[in-house]
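Asker: Contents are compact mmCIF, C-alpha atoms and all ligand atoms; file name coords_20.txt:
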```txt
# COMPACT_ATOMS: atom_id res chain seq x y z
CA MET P 1 86.04 92.20 84.50
CA MET P 2 88.64 94.90 84.53
CA GLU P 3 87.35 98.28 83.41
CA GLN P 4 89.12 99.96 80.52
CA ARG P 5 90.49 103.34 81.57
CA LYS P 6 90.61 106.08 79.00
CA PRO P 7 93.51 108.51 79.39
CA ILE P 8 92.74 112.20 79.05
CA PRO P 9 95.32 114.91 78.31
CA VAL P 10 96.92 116.59 81.32
CA SER P 11 95.47 119.99 80.40
CA GLU P 12 91.96 118.55 80.28
CA ALA P 13 92.45 116.83 83.63
CA VAL P 14 93.66 120.08 85.22
CA ARG P 15 90.69 121.93 83.71
CA LYS P 16 88.23 119.39 85.12
CA VAL P 17 89.72 119.69 88.59
CA VAL P 18 89.74 123.48 88.55
CA GLU P 19 86.15 123.59 87.24
CA HIS P 20 84.98 121.64 90.26
CA ALA P 21 86.79 123.79 92.81
CA GLY P 22 84.51 126.33 94.50
CA LYS P 23 85.37 129.08 96.96
CA LEU P 24 84.74 128.67 100.68
CA GLY P 25 84.06 132.30 101.60
CA HIS P 26 86.28 134.55 103.67
CA GLU P 27 87.27 135.47 107.20
CA ARG P 28 89.29 138.12 109.03
CA VAL P 29 92.70 137.26 110.41
CA LYS P 30 95.29 139.25 112.31
CA LEU P 31 98.00 140.79 110.17
CA GLU P 32 100.62 138.58 111.82
CA ASP P 33 98.66 135.48 110.80
CA SER P 34 98.08 136.60 107.21
CA ASP P 35 101.31 135.45 105.50
CA GLN P 36 100.57 132.92 102.73
CA ARG P 37 96.83 133.54 102.88
CA ILE P 38 94.92 134.82 99.85
CA LEU P 39 93.58 138.36 99.97
CA ALA P 40 89.78 138.54 99.83
CA GLU P 41 89.86 142.32 99.51
CA PRO P 42 92.08 144.64 97.51
CA ILE P 43 94.69 146.71 99.35
CA VAL P 44 93.64 150.32 98.82
CA ALA P 45 95.93 153.17 99.83
CA GLY P 46 94.21 155.08 102.64
CA HIS P 47 96.88 157.76 102.38
CA PRO P 48 99.79 158.68 100.13
CA VAL P 49 103.17 156.99 100.63
CA PRO P 50 105.26 158.70 101.78
CA PRO P 51 102.61 160.70 103.65
CA PHE P 52 104.76 163.89 103.55
CA ASP P 53 107.77 165.22 101.61
CA ARG P 54 110.78 163.81 103.42
CA SER P 55 114.51 163.55 103.35
CA PRO P 56 115.98 160.34 101.90
CA TYR P 57 119.41 161.18 103.37
CA ASP P 58 121.12 162.49 106.46
CA GLY P 59 122.06 166.08 105.57
CA PHE P 60 120.71 169.62 105.40
CA ALA P 61 117.39 170.88 104.06
CA ILE P 62 117.80 174.08 102.06
CA ILE P 63 115.99 176.30 99.57
CA ALA P 64 117.36 175.12 96.20
CA ALA P 65 117.31 178.61 94.64
CA SER P 66 119.74 179.85 97.30
CA SER P 67 122.43 177.51 95.93
CA ALA P 68 122.48 179.05 92.42
CA GLY P 69 126.03 179.69 91.21
CA ALA P 70 127.76 177.55 93.84
CA SER P 71 131.10 176.10 92.68
CA GLY P 72 134.53 175.15 93.99
CA ASP P 73 135.63 178.76 93.60
CA ASN P 74 132.40 180.15 94.90
CA ARG P 75 131.32 178.15 97.91
CA ILE P 76 127.99 179.17 99.36
CA THR P 77 127.57 179.29 103.11
CA TYR P 78 124.47 178.18 105.07
CA LYS P 79 123.44 178.91 108.63
CA ILE P 80 122.07 175.91 110.54
CA VAL P 81 118.88 177.06 112.30
CA ASP P 82 117.44 173.77 113.56
CA GLN P 83 118.10 170.04 113.83
CA ILE P 84 115.55 167.24 113.41
CA GLY P 85 115.58 163.47 113.33
CA ALA P 86 113.00 161.11 111.84
CA GLY P 87 109.73 161.41 113.72
CA ALA P 88 110.23 165.11 114.56
CA VAL P 89 108.79 168.13 112.76
CA SER P 90 110.72 171.41 112.55
CA GLU P 91 108.85 174.57 113.51
CA LYS P 92 111.23 176.62 111.40
CA LYS P 93 110.25 178.22 108.11
CA LEU P 94 113.39 178.62 105.99
CA SER P 95 114.42 181.79 104.26
CA GLY P 96 117.53 182.75 102.28
CA ASN P 97 120.60 180.74 103.23
CA GLU P 98 119.15 179.05 106.26
CA ALA P 99 119.31 175.27 106.59
CA VAL P 100 117.89 172.63 108.91
CA ARG P 101 120.05 169.68 109.85
CA ILE P 102 117.77 166.79 108.89
CA MET P 103 117.97 163.00 109.21
CA THR P 104 116.64 160.33 106.85
CA GLY P 105 112.86 160.06 107.08
CA ALA P 106 112.25 163.47 108.65
CA PRO P 107 109.75 165.79 106.93
CA LEU P 108 111.17 168.76 105.04
CA PRO P 109 110.68 172.03 106.89
CA GLU P 110 108.50 174.71 105.35
CA ASN P 111 110.04 176.37 102.27
CA ALA P 112 112.81 173.74 101.97
CA ASP P 113 112.88 171.99 98.59
CA ALA P 114 116.27 170.25 98.44
CA VAL P 115 118.54 168.19 100.66
CA VAL P 116 122.32 168.47 100.73
CA MET P 117 123.97 165.26 101.86
CA PHE P 118 126.59 165.52 104.61
CA GLU P 119 129.19 164.26 102.12
CA GLN P 120 128.50 167.29 99.91
CA THR P 121 129.35 169.85 102.62
CA VAL P 122 132.25 171.25 104.60
CA GLU P 123 130.92 171.82 108.09
CA ALA P 124 131.80 174.41 110.70
CA GLU P 125 130.21 175.06 114.12
CA ASP P 126 126.76 176.40 113.14
CA SER P 127 127.24 176.54 109.40
CA PHE P 128 128.45 174.65 106.34
CA THR P 129 129.44 175.41 102.77
CA ILE P 130 128.59 173.72 99.49
CA ARG P 131 130.31 173.76 96.10
CA LYS P 132 127.47 172.85 93.78
CA SER P 133 124.02 174.18 93.07
CA PHE P 134 120.89 172.13 93.76
CA GLU P 135 117.77 171.74 91.65
CA PRO P 136 114.36 172.16 93.24
CA LEU P 137 113.30 168.74 94.65
CA GLU P 138 116.84 167.35 94.43
CA ASN P 139 117.27 164.63 97.08
CA VAL P 140 113.66 164.91 98.17
CA SER P 141 111.38 161.96 98.64
CA LEU P 142 108.05 163.34 97.50
CA LYS P 143 104.72 162.79 99.18
CA GLY P 144 102.82 160.11 97.23
CA GLU P 145 105.77 159.17 94.98
CA ASP P 146 105.54 155.53 96.06
CA VAL P 147 101.76 155.15 96.28
CA ALA P 148 99.05 157.71 95.56
CA GLN P 149 96.11 157.99 97.95
CA GLY P 150 93.15 155.86 96.81
CA GLU P 151 95.28 153.66 94.56
CA THR P 152 94.48 149.93 94.51
CA VAL P 153 97.97 148.61 95.10
CA ILE P 154 97.27 144.87 95.30
CA GLU P 155 94.24 143.11 93.87
CA SER P 156 91.97 140.75 95.75
CA GLY P 157 93.00 137.15 95.04
CA SER P 158 96.71 137.81 95.46
CA SER P 159 98.76 135.64 97.74
CA ILE P 160 100.09 137.44 100.82
CA HIS P 161 103.87 137.32 101.22
CA PRO P 162 106.23 139.34 103.42
CA GLY P 163 106.14 142.30 101.03
CA THR P 164 102.33 142.30 101.12
CA VAL P 165 102.49 142.21 104.91
CA ALA P 166 104.69 145.33 104.83
CA LEU P 167 102.15 147.10 102.62
CA LEU P 168 99.22 146.05 104.78
CA ALA P 169 101.06 147.34 107.85
CA THR P 170 101.83 150.62 106.06
CA PHE P 171 98.12 151.26 105.62
CA GLY P 172 97.15 150.20 109.11
CA TYR P 173 95.47 146.90 108.34
CA SER P 174 95.75 145.26 111.76
CA THR P 175 93.35 142.61 110.45
CA VAL P 176 92.95 141.42 106.87
CA LYS P 177 90.06 139.85 105.00
CA VAL P 178 91.34 136.59 103.53
CA ALA P 179 89.81 133.57 101.83
CA LYS P 180 88.91 130.70 104.14
CA GLN P 181 91.24 127.75 103.98
CA PRO P 182 90.10 124.29 103.05
CA VAL P 183 90.40 121.50 105.58
CA VAL P 184 92.69 119.00 103.90
CA GLY P 185 93.24 115.41 104.98
CA ILE P 186 95.98 112.97 104.06
CA LEU P 187 95.60 109.20 104.12
CA SER P 188 98.43 106.94 103.02
CA THR P 189 97.23 103.55 101.85
CA GLY P 190 99.30 100.39 101.52
CA THR P 191 99.76 97.32 103.68
CA GLU P 192 103.51 97.67 103.12
CA LEU P 193 103.69 101.03 104.84
CA LEU P 194 105.47 101.68 108.12
CA ASP P 195 105.39 104.84 110.13
CA VAL P 196 108.50 107.03 109.83
CA SER P 197 109.67 106.04 113.31
CA GLU P 198 109.41 102.28 112.75
CA PRO P 199 112.39 100.05 111.91
CA LEU P 200 112.44 98.40 108.50
CA VAL P 201 111.23 94.81 108.31
CA PRO P 202 111.17 92.56 105.25
CA GLY P 203 108.61 93.60 102.64
CA LYS P 204 107.84 96.93 104.23
CA ILE P 205 108.84 100.53 103.49
CA ARG P 206 108.36 103.73 105.38
CA ASN P 207 105.56 106.09 104.41
CA SER P 208 107.29 108.94 102.62
CA ASN P 209 104.28 110.26 100.70
CA GLY P 210 102.28 111.35 103.74
CA PRO P 211 104.98 113.61 105.22
CA MET P 212 105.89 114.83 101.72
CA ILE P 213 102.34 115.96 100.98
CA ALA P 214 102.03 117.58 104.40
CA ALA P 215 105.17 119.57 103.50
CA GLN P 216 103.80 120.45 100.05
CA LEU P 217 100.65 121.74 101.73
CA LYS P 218 102.67 123.64 104.31
CA ARG P 219 104.55 125.38 101.51
CA MET P 220 101.15 126.66 100.37
CA GLY P 221 100.33 127.81 103.88
CA ILE P 222 97.83 125.00 104.44
CA SER P 223 97.80 122.77 107.51
CA CYS P 224 96.34 119.30 107.29
CA LYS P 225 94.68 116.50 109.20
CA THR P 226 96.65 113.31 109.02
CA TYR P 227 94.69 110.07 108.90
CA GLY P 228 97.84 107.96 109.12
CA LEU P 229 98.22 104.65 107.37
CA SER P 230 95.55 102.39 106.00
CA ALA P 231 96.19 98.75 105.08
CA ASP P 232 94.85 97.49 101.73
CA GLN P 233 91.57 96.23 103.18
CA LEU P 234 88.43 97.25 101.34
CA ASP P 235 85.99 97.54 104.25
CA GLU P 236 88.41 99.18 106.66
CA SER P 237 89.76 101.58 104.06
CA PHE P 238 86.23 102.45 103.00
CA GLU P 239 85.28 103.39 106.56
CA THR P 240 88.42 105.48 106.98
CA VAL P 241 87.96 107.27 103.65
CA LYS P 242 84.28 107.89 104.39
CA ARG P 243 85.03 109.38 107.79
CA ALA P 244 87.96 111.43 106.50
CA ALA P 245 85.95 112.76 103.56
CA ALA P 246 83.18 113.84 105.93
CA GLU P 247 85.65 115.71 108.10
CA THR P 248 87.49 117.52 105.31
CA ASP P 249 86.93 119.64 102.21
CA CYS P 250 89.56 117.71 100.36
CA LEU P 251 90.99 114.27 101.08
CA ILE P 252 94.28 113.29 99.51
CA THR P 253 94.98 109.58 99.45
CA THR P 254 98.14 107.99 98.14
CA GLY P 255 98.37 104.53 96.68
CA GLY P 256 95.70 102.04 95.76
CA VAL P 257 94.40 103.74 92.61
CA SER P 258 95.98 101.38 90.13
CA VAL P 259 94.64 98.07 88.83
CA GLY P 260 96.42 95.72 91.22
CA ASP P 261 94.62 93.08 93.28
CA PHE P 262 94.82 95.27 96.38
CA ASP P 263 94.12 98.66 94.85
CA PHE P 264 90.80 99.45 96.47
CA LEU P 265 90.33 103.16 95.90
CA PRO P 266 88.27 102.71 92.70
CA ALA P 267 85.86 100.43 94.60
CA ILE P 268 85.77 102.88 97.49
CA TYR P 269 84.81 105.76 95.20
CA GLU P 270 82.05 103.62 93.80
CA ARG P 271 80.74 102.70 97.26
CA LEU P 272 80.81 106.36 98.26
CA GLY P 273 78.79 107.24 95.18
CA ALA P 274 81.56 109.66 94.20
CA LYS P 275 81.69 111.18 90.76
CA VAL P 276 85.02 110.23 89.21
CA LEU P 277 86.30 113.19 87.15
CA PHE P 278 89.03 111.05 85.63
CA ASN P 279 91.02 107.94 86.48
CA LYS P 280 93.68 107.99 83.81
CA VAL P 281 95.82 110.88 82.63
CA ALA P 282 98.09 110.83 79.60
CA MET P 283 101.17 111.55 81.68
CA ARG P 284 104.20 109.85 83.14
CA PRO P 285 104.63 109.39 85.97
CA GLY P 286 101.22 109.22 87.57
CA SER P 287 98.95 108.07 84.76
CA VAL P 288 96.66 106.38 87.31
CA THR P 289 96.03 109.65 89.16
CA THR P 290 92.33 109.74 89.95
CA VAL P 291 90.19 112.65 91.07
CA ALA P 292 86.66 112.23 92.33
CA VAL P 293 84.06 114.45 93.96
CA ALA P 294 81.61 113.30 96.64
CA ASP P 295 79.14 115.65 98.38
CA GLY P 296 81.11 118.61 97.10
CA LYS P 297 84.33 117.26 98.63
CA PHE P 298 87.42 116.54 96.60
CA LEU P 299 88.96 113.09 96.72
CA PHE P 300 92.44 113.15 95.21
CA GLY P 301 93.70 109.65 94.57
CA LEU P 302 97.40 110.09 93.97
CA SER P 303 99.65 107.27 92.93
CA GLY P 304 101.70 105.64 95.68
CA ASN P 305 104.85 105.99 93.62
CA PRO P 306 106.65 108.91 95.26
CA SER P 307 107.60 110.83 92.09
CA ALA P 308 104.13 110.34 90.67
CA CYS P 309 102.59 111.38 93.97
CA PHE P 310 104.69 114.55 94.13
CA THR P 311 103.88 115.48 90.54
CA GLY P 312 100.18 114.71 90.95
CA PHE P 313 100.02 117.06 93.90
CA GLU P 314 101.73 119.93 92.07
CA LEU P 315 99.70 119.48 88.88
CA PHE P 316 96.22 118.81 90.26
CA VAL P 317 95.90 119.34 94.02
CA ARG P 318 97.74 122.65 94.11
CA PRO P 319 95.59 124.55 91.58
CA ALA P 320 92.38 123.12 93.05
CA LEU P 321 93.31 124.29 96.55
CA LEU P 322 94.43 127.68 95.25
CA LYS P 323 91.09 128.11 93.47
CA ILE P 324 89.22 127.08 96.63
CA MET P 325 91.24 129.72 98.48
CA GLY P 326 90.24 132.38 95.97
CA ALA P 327 93.66 132.79 94.35
CA GLU P 328 94.01 134.40 90.95
CA ASN P 329 97.18 132.57 89.88
CA LEU P 330 96.57 128.85 90.04
CA TYR P 331 99.41 127.39 88.06
CA LEU P 332 103.10 126.78 88.57
CA PRO P 333 105.43 129.38 87.07
CA LYS P 334 106.73 128.13 83.73
CA THR P 335 109.89 129.02 81.92
CA ARG P 336 111.98 127.70 79.05
CA ALA P 337 115.41 126.23 79.60
CA ILE P 338 118.15 124.43 77.74
CA LEU P 339 118.28 120.72 78.31
CA SER P 340 121.81 119.84 79.38
CA GLU P 341 121.49 116.09 78.88
CA ASP P 342 120.10 113.89 76.17
CA PHE P 343 116.68 112.52 76.97
CA THR P 344 116.25 109.98 74.27
CA LYS P 345 113.29 108.07 75.61
CA ALA P 346 110.24 108.93 73.53
CA ASN P 347 106.80 108.53 75.07
CA PRO P 348 103.19 108.64 73.92
CA PHE P 349 102.33 110.51 77.15
CA THR P 350 103.50 113.89 78.46
CA ARG P 351 106.54 113.32 80.65
CA PHE P 352 107.26 115.26 83.83
CA ILE P 353 110.87 114.83 84.85
CA ARG P 354 112.09 115.92 88.22
CA ALA P 355 114.95 118.27 87.41
CA ILE P 356 117.52 120.79 88.53
CA TYR P 357 117.09 124.22 86.95
CA ASP P 358 119.92 126.73 87.38
CA GLY P 359 118.34 129.74 85.72
CA ARG P 360 119.48 128.78 82.23
CA ASN P 361 119.97 125.03 81.94
CA VAL P 362 117.92 122.16 83.20
CA SER P 363 118.92 118.56 83.74
CA PRO P 364 117.19 115.49 85.15
CA ALA P 365 117.71 115.31 88.92
CA GLY P 366 118.80 111.68 88.90
CA PHE P 367 117.18 108.29 88.87
CA ASN P 368 113.94 109.01 87.15
CA LYS P 369 111.44 106.23 87.54
CA SER P 370 108.03 106.98 88.97
CA ASN P 371 108.99 105.15 92.17
CA ALA P 372 112.12 107.28 92.68
CA VAL P 373 112.38 109.34 95.81
CA ALA P 374 115.95 110.72 95.71
CA SER P 375 115.33 112.82 92.61
CA ILE P 376 112.36 114.52 94.30
CA ALA P 377 114.74 115.71 96.99
CA LYS P 378 117.43 116.83 94.55
CA GLY P 379 115.23 118.70 92.09
CA ASN P 380 113.72 122.17 92.09
CA ALA P 381 111.74 121.96 88.86
CA LEU P 382 109.88 119.69 86.48
CA ILE P 383 110.88 119.32 82.86
CA VAL P 384 107.79 118.92 80.69
CA LEU P 385 108.33 116.85 77.56
CA PRO P 386 105.33 116.78 75.25
CA PRO P 387 104.20 113.43 73.91
CA GLY P 388 105.71 112.39 70.60
CA THR P 389 107.88 109.89 68.92
CA ARG P 390 111.19 111.72 69.14
CA GLY P 391 113.41 112.10 72.16
CA PHE P 392 115.14 115.28 73.24
CA LYS P 393 118.80 116.17 72.92
CA SER P 394 121.18 118.24 74.96
CA GLY P 395 120.81 121.83 73.72
CA ASP P 396 117.07 121.53 73.00
CA GLU P 397 114.87 124.16 74.60
CA VAL P 398 112.17 122.69 76.80
CA ASP P 399 109.36 123.82 79.11
CA VAL P 400 110.19 123.86 82.80
CA LEU P 401 107.79 124.23 85.73
CA LEU P 402 109.33 125.85 88.77
CA ILE P 403 108.52 124.28 92.10
CA GLY P 404 108.35 126.14 95.38
CA VAL P 405 108.46 129.57 93.82
CA GLU P 406 105.95 132.07 95.15
CA GLU P 407 103.05 132.04 92.75
CA GLY P 408 102.84 135.11 90.62
CA SER P 409 106.54 135.80 90.85
CA PRO P 410 108.31 136.63 87.63
CA THR P 411 110.61 133.85 86.64
CA TRP P 412 114.33 134.20 86.88
CA THR P 413 116.38 134.61 83.72
CA ILE P 414 120.07 135.40 83.74
P1 LIG P 501 100.40 101.87 94.59
O1 LIG P 501 100.07 103.21 93.99
O2 LIG P 501 99.62 101.60 95.84
O3 LIG P 501 100.29 100.79 93.57
O4 LIG P 501 101.93 101.94 95.03
C1 LIG P 501 102.93 102.11 94.06
C2 LIG P 501 104.30 102.03 94.70
O5 LIG P 501 104.46 103.10 95.60
C3 LIG P 501 104.55 100.77 95.48
O6 LIG P 501 105.90 100.38 95.28
C4 LIG P 501 104.33 101.21 96.91
O7 LIG P 501 105.02 100.42 97.85
C5 LIG P 501 104.84 102.63 96.88
N1 LIG P 501 104.16 103.43 97.89
C6 LIG P 501 102.84 103.45 98.11
N2 LIG P 501 102.50 104.31 99.09
C7 LIG P 501 103.67 104.85 99.50
C8 LIG P 501 103.98 105.82 100.49
N3 LIG P 501 103.03 106.37 101.25
N4 LIG P 501 105.28 106.16 100.65
C9 LIG P 501 106.24 105.59 99.87
N5 LIG P 501 106.00 104.70 98.92
C10 LIG P 501 104.73 104.31 98.72
MG MG P 502 99.40 100.08 97.17
```
Kindly return the structure encoded in the file as structure tokens.
Answerer:
Amino acid sequence: MMEQRKPIPVSEAVRKVVEHAGKLGHERVKLEDSDQRILAEPIVAGHPVPPFDRSPYDGFAIIAASSAGASGDNRITYKIVDQIGAGAVSEKKLSGNEAVRIMTGAPLPENADAVVMFEQTVEAEDSFTIRKSFEPLENVSLKGEDVAQGETVIESGSSIHPGTVALLATFGYSTVKVAKQPVVGILSTGTELLDVSEPLVPGKIRNSNGPMIAAQLKRMGISCKTYGLSADQLDESFETVKRAAAETDCLITTGGVSVGDFDFLPAIYERLGAKVLFNKVAMRPGSVTTVAVADGKFLFGLSGNPSACFTGFELFVRPALLKIMGAENLYLPKTRAILSEDFTKANPFTRFIRAIYDGRNVSPAGFNKSNAVASIAKGNALIVLPPGTRGFKSGDEVDVLLIGVEEGSPTWTI
């Protein structure tokens, strides 16, 4: 007898997955290996940035008060008493109309409180003149203006990106405490599947889901174990899934979760004694997406249909892995955009449509069935159409999820 599956709303499915995701602890990695990892400690400023008052320009350090009254008719002359580049410190203590020739990044000499840019001077041998007065601290990059000592600049749980790496380097973090990464496995099921390198033969297709998921994981900074292809054979598939689940924290399978004669994942979950969190989601594509937990390990049963598989990963696998990795922001950045094509098809389920978002408008990325693969390649976003009886028209404002954007980034509006 075929079991009756009860669809649950997408938001409830996401909540269930996230609820079951636990952290794995943390480890120390070298700074150069930290990109894309999740911080397991806050970045605290061990010193002010900049660490000293410095020149933001190439020019001359002066005492601002000495420039009072300077004008085109009353040029004030300065004597150059020293010359320093970035990295050097002048021994000179300025007085009166003395100046130190100073390069960008060099610390201001004692008593200096303004910097005249080269372009603002007429130079002679050991002197120069200026035609305008300077305010105290004009053209000075002040100690601590960027970051104050002791400030928590980035919170624990943030994803490390190149900017974070720069900050970590600034404060001398040669190693960083980051959340441990889950071991993730991928198994592509389907007797029809060929390896990427194999020639096409009648009835068969190449496995596109496996490499796609590996790339989706890579975009999150996660490497994976690949368990290759598994034919639709209950006993064999069971053994492979059992072994893979034992070796990983999270096993992603594609295909075989539907109700066809050769869809064996439901039976495999049962044999494993796995707790099925849900096996039907009120969404298109990917309503058969199934998530189970066995011995604390996640088993993500994504649909074999490429668009459904892609969407299932972004909606369910991604936040679960981010939570496991200790991230604060689990969900895809969302924005609103103007639909630039009619989308008349109404649906009782939430629709996720692979789309092209240009910063203002969004349009379907092409052929849009759940088994489509070209539109996955062409799109950079997912249009989210809530369930309902009406369709959507060009000009309607809709929700858009941005794919491949660094989590936590503000979204782009023109
Ligand atoms: P299934 O979810 O197993 O019912 O598969 C649904 C559809 O997706 C079928 O047309 C399969 O041939 C196709 N499919 C399944 N697995 C893959 C895969 N790894 N790569 C590309 N297409 C797949
Ligand atoms: Mg199949």
Asker: Closest to ligand MG 502 (chain P) among P:Asp295, P:Asp232, P:Glu341, P:Glu110, using all atoms listed in the file?
Answerer: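 The shortest atom-to-atom distance to ligand MG 502 (chain P) comes from P:Asp232.
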Asker: Residues of chain P that approach ligand LIG 501 (chain P) to 10 Å or less, counting only C-alpha atoms and all ligand atoms: could you list each one with the shortest pair of atoms and its distance in Å to one decimal, rows by chain and increasing residue number, as a tab-separated table?
Answerer:
```
residue	atom	partner	partner_atom	distance
P:Leu187	CA	P:LIG501	N3	8.5
P:Ser188	CA	P:LIG501	N3	5.0
P:Thr189	CA	P:LIG501	N2	6.0
P:Gly190	CA	P:LIG501	N2	5.6
P:Thr191	CA	P:LIG501	O7	8.4
P:Glu192	CA	P:LIG501	O7	6.1
P:Leu193	CA	P:LIG501	N3	6.5
P:Leu194	CA	P:LIG501	N3	8.7
P:Asp195	CA	P:LIG501	N3	9.3
P:Val196	CA	P:LIG501	N4	9.8
P:Gly203	CA	P:LIG501	O7	9.1
P:Lys204	CA	P:LIG501	O7	7.8
P:Ile205	CA	P:LIG501	C9	6.7
P:Arg206	CA	P:LIG501	N4	6.1
P:Asn207	CA	P:LIG501	N4	3.8
P:Ser208	CA	P:LIG501	N4	4.0
P:Asn209	CA	P:LIG501	N3	4.1
P:Gly210	CA	P:LIG501	N3	5.6
P:Pro211	CA	P:LIG501	N3	8.5
P:Met212	CA	P:LIG501	N4	8.8
P:Ile213	CA	P:LIG501	N3	9.6
P:Gly228	CA	P:LIG501	N3	9.6
P:Leu229	CA	P:LIG501	N3	8.0
P:Ser230	CA	P:LIG501	N3	9.7
P:Asp232	CA	P:LIG501	O2	8.6
P:Thr253	CA	P:LIG501	N3	8.9
P:Thr254	CA	P:LIG501	N2	5.8
P:Gly255	CA	P:LIG501	O2	3.3
P:Gly256	CA	P:LIG501	O2	3.9
P:Val257	CA	P:LIG501	O1	5.9
P:Ser258	CA	P:LIG501	O3	5.5
P:Val259	CA	P:LIG501	O3	7.9
P:Gly260	CA	P:LIG501	O3	6.8
P:Asp261	CA	P:LIG501	O3	9.6
P:Phe262	CA	P:LIG501	O2	8.0
P:Asp263	CA	P:LIG501	O2	6.3
P:Phe264	CA	P:LIG501	O2	9.1
P:Leu265	CA	P:LIG501	O2	9.4
P:Gly286	CA	P:LIG501	O1	8.9
P:Val288	CA	P:LIG501	O1	8.1
P:Thr289	CA	P:LIG501	O1	9.0
P:Gly301	CA	P:LIG501	O1	9.1
P:Leu302	CA	P:LIG501	O1	7.4
P:Ser303	CA	P:LIG501	O1	4.2
P:Gly304	CA	P:LIG501	O1	3.4
P:Asn305	CA	P:LIG501	O5	3.5
P:Pro306	CA	P:LIG501	N5	5.6
P:Ser307	CA	P:LIG501	O5	9.1
P:Ala308	CA	P:LIG501	O5	8.8
P:Cys309	CA	P:LIG501	O1	8.5
P:Ser370	CA	P:LIG501	C2	8.4
P:Asn371	CA	P:LIG501	O5	6.0
P:Ala372	CA	P:LIG501	N5	9.1
P:Val373	CA	P:LIG501	C9	8.3
```
Asker: Around (93.5, 139.5, 112.9) in the file's frame, which residues reach within 10 Å when counting all atoms listed in the file? Return as a list in words?
Answerer: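 Here is the list of nearby residues: Glu27, Arg28, Val29, Lys30, Leu31, Glu32, Asp33, Ser34, Tyr173, Ser174, Thr175, Val176 and Lys177 of chain P.
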Asker: Here is a test: counting only C-alpha atoms, which residue of P:Ser11, P:Lys92, P:His26, P:Glu119 is nearest to Tyr57 (chain P)?
Answerer: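 Of P:Ser11, P:Lys92, P:His26, P:Glu119, the one nearest Tyr57 (chain P) is P:Glu119, counting only C-alpha atoms.
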Asker: Pull the neighbourhood of (95.9, 116.1, 92.9) for me: all residues within 8 Å in file coordinates, counting only C-alpha atoms, as a short mmCIF file (atom, residue, chain, number, x, y, z; two decimals) with C-alpha atoms, keeping the file's coordinate frame.
Answerer:
```cif
data_model
loop_
_atom_site.label_atom_id
_atom_site.label_comp_id
_atom_site.auth_asym_id
_atom_site.auth_seq_id
_atom_site.Cartn_x
_atom_site.Cartn_y
_atom_site.Cartn_z
CA ILE P 252 94.28 113.29 99.51
CA THR P 289 96.03 109.65 89.16
CA THR P 290 92.33 109.74 89.95
CA VAL P 291 90.19 112.65 91.07
CA PHE P 300 92.44 113.15 95.21
CA GLY P 301 93.70 109.65 94.57
CA LEU P 302 97.40 110.09 93.97
CA GLY P 312 100.18 114.71 90.95
CA PHE P 313 100.02 117.06 93.90
CA GLU P 314 101.73 119.93 92.07
CA LEU P 315 99.70 119.48 88.88
CA PHE P 316 96.22 118.81 90.26
CA VAL P 317 95.90 119.34 94.02
CA ARG P 318 97.74 122.65 94.11
CA ALA P 320 92.38 123.12 93.05
#
```
Asker: Might you pull out every residue within 9 Å of Gly59 (chain P), with only C-alpha atoms counted and same-chain residues fewer than 4 positions away left off, and present them as a ChimeraX atom specification?
Answerer: /P:55,100-104,115-121
Asker: I'd like the contact shell of Leu251 (chain P) - 6 Å cut-off, only C-alpha atoms, skipping same-chain residues fewer than 3 positions apart - returned as a list in words.
Answerer: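 Non-adjacent residues within range: Val184, Gly185, Ile186, Ala245 and Leu299 of chain P.
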